[in-house]
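Next up, input_28.cif (mmCIF, C-alpha atoms):
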```
data_protein
loop_
_atom_site.label_atom_id
_atom_site.label_comp_id
_atom_site.auth_asym_id
_atom_site.auth_seq_id
_atom_site.Cartn_x
_atom_site.Cartn_y
_atom_site.Cartn_z
CA MET A 24 14.32 2.21 -12.81
CA LEU A 25 11.75 -0.14 -11.26
CA GLU A 26 12.70 0.91 -7.76
CA ALA A 27 12.54 4.58 -8.78
CA TRP A 28 9.01 4.16 -10.15
CA LEU A 29 7.94 2.34 -7.01
CA GLU A 30 9.33 5.19 -4.90
CA TRP A 31 7.51 7.72 -7.07
CA HIS A 32 4.22 5.93 -6.48
CA ARG A 33 4.83 5.68 -2.74
CA GLY A 34 5.51 9.43 -2.73
CA THR A 35 2.33 10.06 -4.71
CA LEU A 36 0.17 8.23 -2.17
CA SER A 37 1.88 10.11 0.64
CA ALA A 38 1.26 13.43 -1.10
CA LYS A 39 -2.42 12.59 -1.63
CA CYS A 40 -2.73 12.13 2.14
CA SER A 41 -0.71 15.13 3.27
CA GLY A 42 -2.31 18.08 5.00
CA LEU A 43 -5.61 16.34 5.73
CA SER A 44 -7.40 15.81 9.02
CA ALA A 45 -8.16 12.38 10.44
CA ASP A 46 -11.78 12.72 9.36
CA GLN A 47 -10.77 13.69 5.83
CA LEU A 48 -8.42 10.69 5.58
CA ARG A 49 -11.27 8.41 6.69
CA ALA A 50 -13.83 10.03 4.35
CA ARG A 51 -15.47 7.89 1.68
CA THR A 52 -15.99 10.59 -0.90
CA VAL A 53 -16.68 8.70 -4.12
CA GLU A 54 -20.00 7.02 -3.49
CA PRO A 55 -21.02 4.25 -3.67
CA SER A 56 -17.43 3.09 -3.17
CA SER A 57 -16.31 2.53 0.42
CA LEU A 58 -12.73 3.57 -0.44
CA SER A 59 -10.96 6.20 1.63
CA LEU A 60 -7.43 7.53 1.54
CA LEU A 61 -6.75 5.87 4.89
CA GLY A 62 -8.10 2.59 3.57
CA LEU A 63 -5.71 2.84 0.63
CA VAL A 64 -2.76 3.44 2.97
CA ARG A 65 -3.77 0.48 5.13
CA HIS A 66 -4.20 -1.70 2.03
CA MET A 67 -0.80 -0.75 0.65
CA ALA A 68 0.78 -1.56 4.02
CA GLU A 69 -0.73 -5.05 3.74
CA VAL A 70 0.40 -5.37 0.11
CA GLU A 71 3.98 -4.19 0.76
CA ARG A 72 4.28 -6.52 3.74
CA SER A 73 2.90 -9.47 1.77
CA TRP A 74 5.04 -9.14 -1.35
CA PHE A 75 8.32 -8.02 0.16
CA GLY A 76 8.16 -9.49 3.66
CA ARG A 77 6.39 -12.78 3.00
CA CYS A 78 7.11 -13.51 -0.64
CA ILE A 79 10.64 -12.20 -1.16
CA ALA A 80 12.09 -12.32 2.37
CA GLY A 81 10.22 -15.51 3.25
CA GLU A 82 9.04 -14.21 6.62
CA ASP A 83 5.99 -15.66 8.36
CA LEU A 84 4.02 -12.44 8.80
CA PRO A 85 0.36 -12.30 9.76
CA PRO A 86 -1.86 -9.68 8.15
CA ILE A 87 -2.02 -6.33 9.94
CA TYR A 88 -5.69 -5.47 9.44
CA CYS A 89 -7.32 -8.27 7.51
CA THR A 90 -8.64 -11.54 8.88
CA LYS A 91 -10.12 -14.68 7.35
CA GLU A 92 -13.51 -13.39 8.44
CA ASP A 93 -12.95 -9.86 7.14
CA ARG A 94 -10.61 -9.88 4.15
CA ASP A 95 -11.31 -6.20 3.42
CA ALA A 96 -10.75 -4.84 6.93
CA ASP A 97 -7.86 -2.74 5.61
CA PHE A 98 -10.34 -0.81 3.47
CA ASP A 99 -13.49 -1.09 5.52
CA ARG A 100 -12.54 -0.67 9.18
CA VAL A 101 -11.30 2.91 9.07
CA ASP A 102 -14.03 4.73 10.99
CA GLU A 103 -12.26 4.37 14.35
CA ALA A 104 -8.73 3.92 12.98
CA ASP A 105 -5.93 6.30 13.94
CA PRO A 106 -4.48 7.78 10.74
CA ASP A 107 -1.19 8.77 12.39
CA THR A 108 -0.65 5.19 13.54
CA ASP A 109 -1.65 3.69 10.21
CA LEU A 110 0.51 6.10 8.21
CA ALA A 111 3.47 5.29 10.48
CA ILE A 112 2.88 1.56 9.98
CA TRP A 113 2.81 2.00 6.20
CA LEU A 114 6.00 4.09 6.20
CA GLU A 115 7.78 1.55 8.40
CA ILE A 116 6.73 -1.30 6.14
CA CYS A 117 7.95 0.65 3.09
CA SER A 118 11.29 1.04 4.85
CA LYS A 119 11.42 -2.71 5.51
CA SER A 120 10.56 -3.35 1.85
CA ARG A 121 13.53 -1.20 0.83
CA SER A 122 15.76 -3.26 3.12
CA VAL A 123 14.50 -6.48 1.56
CA LEU A 124 15.31 -5.11 -1.89
CA GLY A 125 18.74 -4.05 -0.66
CA ASN A 126 19.47 -7.65 0.27
CA VAL A 127 18.73 -9.21 -3.11
CA SER A 128 21.58 -9.63 -5.54
CA SER A 129 19.50 -9.96 -8.69
CA LEU A 130 16.03 -9.10 -9.93
CA ASP A 131 15.91 -12.73 -11.08
CA GLU A 132 15.90 -14.02 -7.49
CA THR A 133 12.59 -15.60 -6.63
CA GLY A 134 10.11 -15.86 -3.82
CA THR A 135 6.93 -17.80 -3.23
CA THR A 136 3.47 -16.27 -3.17
CA ARG A 137 0.89 -17.19 -0.56
CA ARG A 138 -0.70 -19.40 -3.21
CA GLY A 139 2.56 -21.26 -3.86
CA ALA A 140 3.60 -19.65 -7.15
CA THR A 141 7.21 -18.74 -7.77
CA VAL A 142 7.78 -15.14 -8.85
CA SER A 143 10.90 -13.07 -9.43
CA VAL A 144 11.82 -9.90 -7.60
CA ARG A 145 11.38 -8.14 -10.95
CA TRP A 146 7.80 -9.46 -11.16
CA VAL A 147 7.09 -8.23 -7.63
CA LEU A 148 8.43 -4.76 -8.46
CA VAL A 149 6.32 -4.51 -11.61
CA HIS A 150 3.28 -5.75 -9.72
CA MET A 151 3.83 -3.22 -6.93
CA ILE A 152 4.10 -0.38 -9.45
CA GLU A 153 0.82 -1.54 -11.00
CA GLU A 154 -0.84 -1.85 -7.59
CA TYR A 155 0.19 1.65 -6.53
CA ALA A 156 -0.69 3.14 -9.92
CA ARG A 157 -4.22 1.73 -9.74
CA HIS A 158 -4.77 2.89 -6.19
CA ASN A 159 -3.16 6.27 -6.78
CA GLY A 160 -5.81 6.78 -9.46
CA HIS A 161 -8.39 6.12 -6.76
CA ALA A 162 -6.55 8.52 -4.47
CA ASP A 163 -6.74 11.24 -7.14
CA PHE A 164 -10.54 11.12 -7.12
CA LEU A 165 -10.81 10.81 -3.34
CA ARG A 166 -8.54 13.79 -2.70
CA GLU A 167 -10.21 15.97 -5.32
CA ARG A 168 -13.60 15.31 -3.72
CA ILE A 169 -12.22 16.16 -0.26
CA ASP A 170 -10.72 19.57 -0.99
CA GLY A 171 -10.36 20.05 -4.74
CA VAL A 172 -6.61 19.32 -4.77
CA THR A 173 -5.41 17.62 -7.96
CA GLY A 174 -2.02 16.63 -9.30
CA TYR A 175 1.12 15.66 -7.45
#
```

What do you get writing this file as C-alpha cells?
Amino acid sequence: MLEAWLEWHRGTLSAKCSGLSADQLRARTVEPSSLSLLGLVRHMAEVERSWFGRCIAGEDLPPIYCTKEDRDADFDRVDEADPDTDLAIWLEICSKSRSVLGNVSSLDETGTTRRGATVSVRWVLVHMIEEYARHNGHADFLRERIDGVTGY
C-alpha cells in the first residue's frame, strides 16, 4: 500500500508537468514564491536520491543540483535548466528507488540519515508520501496558474 501511494504521487507530479513547454515548466506563477514545476521535479530527484540511494542503499551520492553554498539550487536555478534533462534525471532516480525497494526484505530494515539517525524503510516510505503530497499541492497551484488545468 505504501509503495502504491508513493507511485500515485510520482504519477501526479508527472501529470502536473505533462504537456507544458520548457518556459512553462520554469515559470514561477505563484508570487512571491520562487517555486516552479521544474524546481519541484529537481527537488524530488534530490529527495528520492537522498532517502533511497543514500539512506536505504547506503551509497555515497553527492547532490545533483544543490551545493553547500546554494542549498536551494534545485528550486532556484531553473532559469537556464533543461526540463527534458531534469525530467529524465528524476525518472531515472525514481527507477533506482524502485530497485532499492525491491532489494529490501522487510519494511523494518533500517538506514542512516545524513544526520546520523536510524530510520526504517517504512519511515522513509511514509516520509516520501508526505513529501510528494506537500509538493503536489504546490504543483496544483502552479499548474492552475499556468494554463487553468486542475485535477489529476

(Q) If I take atom CA of Arg72 of chain A and atom CA of Leu148 of chain A, how far is one from the other in Å, to one decimal? (A)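 So the answer is 13.0 Å.
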
Q: Please check which residues have atoms at most 7 Å from (9.2, -15.5, -14.0) in the file's coordinates, counting all atoms listed in the file, and write them as a PyMOL selection string.
A: chain A and resi 142-143+146

**Q.** Contact residues around Trp74 of chain A with only C-alpha atoms at 12 Å, ignoring same-chain residues under 3 positions, as a VMD selection string
**A.** chain A and resid 67 to 71 77 to 84 86 116 to 117 119 to 121 123 to 124 133 to 138 141 to 152 154

Q: Give as a count of residues only the residues that the PyMOL selection byres ((chain A and resi 98-115) around 8) matches when applied to the coordinates above.
A: 21

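Computed from the coordinates, the atom CA of Ala50 of chain A to atom CA of Pro85 of chain A distance equals 27.0 Å.
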
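Using only C-alpha atoms, the shortest contact distance between Leu60 of chain A and any of A:Ser129, A:Thr90, A:Ser73, A:Ser37 is found at A:Ser37.
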
Please provide as a PDB file with C-alpha atoms, in the coordinates of the input all residues within 9 Å of segment 166-175 of chain A, with the sequence filter that same-chain residues fewer than 3 positions apart are discarded (counting all atoms listed in the file).
```
ATOM      1  CA  GLY A  34       5.510   9.430  -2.730  1.00  0.00           C
ATOM      2  CA  THR A  35       2.330  10.060  -4.710  1.00  0.00           C
ATOM      3  CA  ALA A  38       1.260  13.430  -1.100  1.00  0.00           C
ATOM      4  CA  LYS A  39      -2.420  12.590  -1.630  1.00  0.00           C
ATOM      5  CA  CYS A  40      -2.730  12.130   2.140  1.00  0.00           C
ATOM      6  CA  LEU A  43      -5.610  16.340   5.730  1.00  0.00           C
ATOM      7  CA  GLN A  47     -10.770  13.690   5.830  1.00  0.00           C
ATOM      8  CA  LEU A  48      -8.420  10.690   5.580  1.00  0.00           C
ATOM      9  CA  ALA A  50     -13.830  10.030   4.350  1.00  0.00           C
ATOM     10  CA  THR A  52     -15.990  10.590  -0.900  1.00  0.00           C
ATOM     11  CA  VAL A  53     -16.680   8.700  -4.120  1.00  0.00           C
ATOM     12  CA  LEU A  60      -7.430   7.530   1.540  1.00  0.00           C
ATOM     13  CA  HIS A 161      -8.390   6.120  -6.760  1.00  0.00           C
ATOM     14  CA  ALA A 162      -6.550   8.520  -4.470  1.00  0.00           C
ATOM     15  CA  ASP A 163      -6.740  11.240  -7.140  1.00  0.00           C
TER      16      ASP A 163
END
```

(Q) Would you compute the distance between atom CA of His32 of chain A and atom CA of Tyr155 of chain A? Give it in Å to one decimal. (A) 5.9 Å

Q. Smallest atom-to-atom distance to Met24 of chain A: which of A:Ser122, A:Gly76, A:Glu54, A:Leu130, using only C-alpha atoms?
A.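 Result for the nearest residue to Met24 of chain A: A:Leu130.
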